[in-house]
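I have placed the structure first, in the form of C-alpha cells, so that the comments after it can refer back to it.
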Amino acid sequence: MGREKSRRLSGCRDFRQRLVLATLTSTPITIKDIRAGEGGLRPHEMSLLRLLDKVSDQHVIDVNDTGTKVGYRPGVVVGGKGLEHDCGVHRGIGYFIEPLLVLGLFARSPLSIRLKGITNDTKDPSVDAFRMVTLHMLKHFGVPLDGLELKIESRGSPPRGGGEVLLRVPNINNTLKAVNWIDEGMVKRIRGVAFSTNVSPQIVSRIFYAARGLFNKFIPDVHIFTDHRAGGLSAGYGVSVVAETTTGCLISADATVSYPNVDEMSEESEKPELMSPEDLGEQVASMLLEEVAQGGVVDSIHQGLLFMLCALCPPDVSKVRVGQLTPRAIESLRNIKEFLDVKFIIKPDPNSNTVTLKCVGAGVKNLARKIS
C-alpha cells in the first residue's frame, strides 16, 4: 500500500460509502475482518471495486485471498465516455449509481457509463427514483442539469436481471454550492411510473388504479405513467411514485414484485404467493404518504447522500431539514466525521418531529480537473 500511512477500518458496514469518502479525500484505507469466516467480500462488493477501477487512475486496490481484507490507495477519478459495467444480479443497479454520481462530479472529465443488471428490486432504490428524484436533488448544490442524465434502455427484475441504463454525470468546475434548504412546502402533485416485464400488460393498469384510488382522497393531480416491456430475463412488476411540493422538493417511494427463477425451482417446492398488483399499488401509496407525513426536504433513502453533499460543500454553512433520522443516515454522519472532519449540529423540532442539521463544509475541490 505504499509508505503513506493507511487508515485502518474493520467490518463490512458502509463499505461503499467508505470507498467513496476515501477517494474524495485521497485517504489510503485498509479494511480488515470483512465477514471473517463467512466468505469475505460479497460479489456486489467485488463488482464495486471493479467499477472503481474503471473510473479511476493511479490507484491501488489489493484484496487478500480470502476476501476478508481490502487495501485501497485512491488515485484520480478520471470519468470518461463509452464505459460499461455489468453490475451482476446480487444487488440492483441503484447500489452502483449513488457512488458514481458523487465521484463523477469530482472527475477529470464528464462520465458516461452503461450499467447492466437489475433495475428494480427490493434492496436498493430503483433507477426510476434516481431519475425522478436524485438527479434533481443535485441541482440544489449547483450541479448543472445539462449533461446529467439517466436513461432506462431496458428493465431487469430479479433474479436474472437483464436491464440496462445509461448514466451521464457532468464534472463540476471547482466546488459544490452550500445550501439553505429547510422548507419542504406542501404537496401539489404526484407523479410516477408503473412498470412490468414479461407479464400481462394489464398489471400496470391495476397498480395505477389502486395507487391513484388512495392518493385521490388527498390530492386530485395524480398521474402515473405505465411502462410495459416484453424483453428482459425475468418477470416482475413494480411502481415508483414521487410527490412534488410547492417549494420543489421531491419525495419518493418504491415497491417491486419479482417472480422466482422457475428453472431453479424443484417440482415439489410450492410456488410462492406474490403480492397482487392492487396490494402493491396501495402499499406504495401508503409508503409515500408516510414519507410525506415525516416531513423534511428529502425522503428517508436520500438522507445519507444529502448529508454527504452538504459536507463536501465549500466552508460555508449548509442547513437542511429532514424527517426522523434513519440508522443509515446516522452511520453516514459518523463516516463524514471520520473522513472529512465535518460535524453536524443536530436540532430536533418537537412540534413537527423533524430534525434540522447544520454544518460547515470541508471545501472539497475538483482537483482532478485542475490536474488535467
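Labeling convention for the C-alpha cells: chains A, B, ... as they appear, residues from 1 per chain, ligands from 1 in order of appearance.
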Using only C-alpha atoms, tabulate the residues of region 85-139 of chain A lying at most 9 Å from any atom of region 64-80 of chain A, each with its closest atom pair and that distance in Å to one decimal, by chain and increasing residue number, as JSON lines.
{"residue": "A:Leu103", "atom": "CA", "partner": "A:Val77", "partner_atom": "CA", "distance": 6.9}
{"residue": "A:Gly104", "atom": "CA", "partner": "A:Gly79", "partner_atom": "CA", "distance": 6.2}
{"residue": "A:Phe106", "atom": "CA", "partner": "A:Val77", "partner_atom": "CA", "distance": 7.0}
{"residue": "A:Ala107", "atom": "CA", "partner": "A:Val77", "partner_atom": "CA", "distance": 4.7}
{"residue": "A:Arg108", "atom": "CA", "partner": "A:Val78", "partner_atom": "CA", "distance": 4.6}
{"residue": "A:Ser109", "atom": "CA", "partner": "A:Gly79", "partner_atom": "CA", "distance": 5.3}
{"residue": "A:Pro110", "atom": "CA", "partner": "A:Gly79", "partner_atom": "CA", "distance": 5.7}
{"residue": "A:Leu111", "atom": "CA", "partner": "A:Gly79", "partner_atom": "CA", "distance": 4.5}
{"residue": "A:Ser112", "atom": "CA", "partner": "A:Gly80", "partner_atom": "CA", "distance": 6.2}
{"residue": "A:Ile113", "atom": "CA", "partner": "A:Gly80", "partner_atom": "CA", "distance": 8.0}
| request: Name the residues of region 117-209 of chain A that fall into helix (DSSP H, G or I) according to DSSP on the backbone, using the chain letters and numbers of this document, as an MDAnalysis selection string. | output: chainID A and resid 127:141 202:209
| query | Quick one: of A:Asp279, A:Asp227, A:Asp183, A:Asp221, who's nearest to Glu153 (chain A), counting only C-alpha atoms? | reply | A:Asp227
| Can you tell me, as a VMD selection string, what residues are no more than 9 Å from Leu21 (chain A) when counting only C-alpha atoms, ignoring any on the same chain fewer than 6 positions away? | chain A and resid 27 308 335 to 336 339 to 340
Take the residues from that selection and put them in a file with N, CA, C and O atoms, as a compact mmCIF listing (two decimals), in the first residue's frame.
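Everything below was put into part17.txt:
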# COMPACT_ATOMS: atom_id res chain seq x y z
N THR A 27 -7.57 9.48 0.88
CA THR A 27 -7.12 8.82 2.12
C THR A 27 -6.92 7.33 1.86
O THR A 27 -7.88 6.62 1.55
N MET A 308 -23.84 13.94 2.87
CA MET A 308 -22.52 13.89 2.24
C MET A 308 -22.30 15.10 1.33
O MET A 308 -21.23 15.72 1.35
N ASN A 335 -19.33 8.48 9.38
CA ASN A 335 -18.29 8.34 8.34
C ASN A 335 -17.80 9.71 7.87
O ASN A 335 -16.61 9.90 7.61
N ILE A 336 -18.74 10.65 7.73
CA ILE A 336 -18.38 12.02 7.31
C ILE A 336 -17.44 12.66 8.33
O ILE A 336 -16.45 13.30 7.97
N PHE A 339 -13.86 10.91 7.94
CA PHE A 339 -13.06 11.19 6.74
C PHE A 339 -12.92 12.69 6.44
O PHE A 339 -11.88 13.14 5.97
N LEU A 340 -13.97 13.46 6.64
CA LEU A 340 -13.95 14.88 6.26
C LEU A 340 -13.79 15.80 7.46
O LEU A 340 -13.62 17.01 7.29
| request: For CA of Ala178 (chain A) and CA of Leu305 (chain A), determine how far apart the two atoms are, in Å to one decimal place. | output: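 Those two atoms sit 14.3 Å apart.
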| message | I want to know what sits within 8 Å of Phe141 (chain A), based on only C-alpha atoms, with residues of the same chain fewer than 3 positions away left out; could you give that as a count of residues only? | response | 7
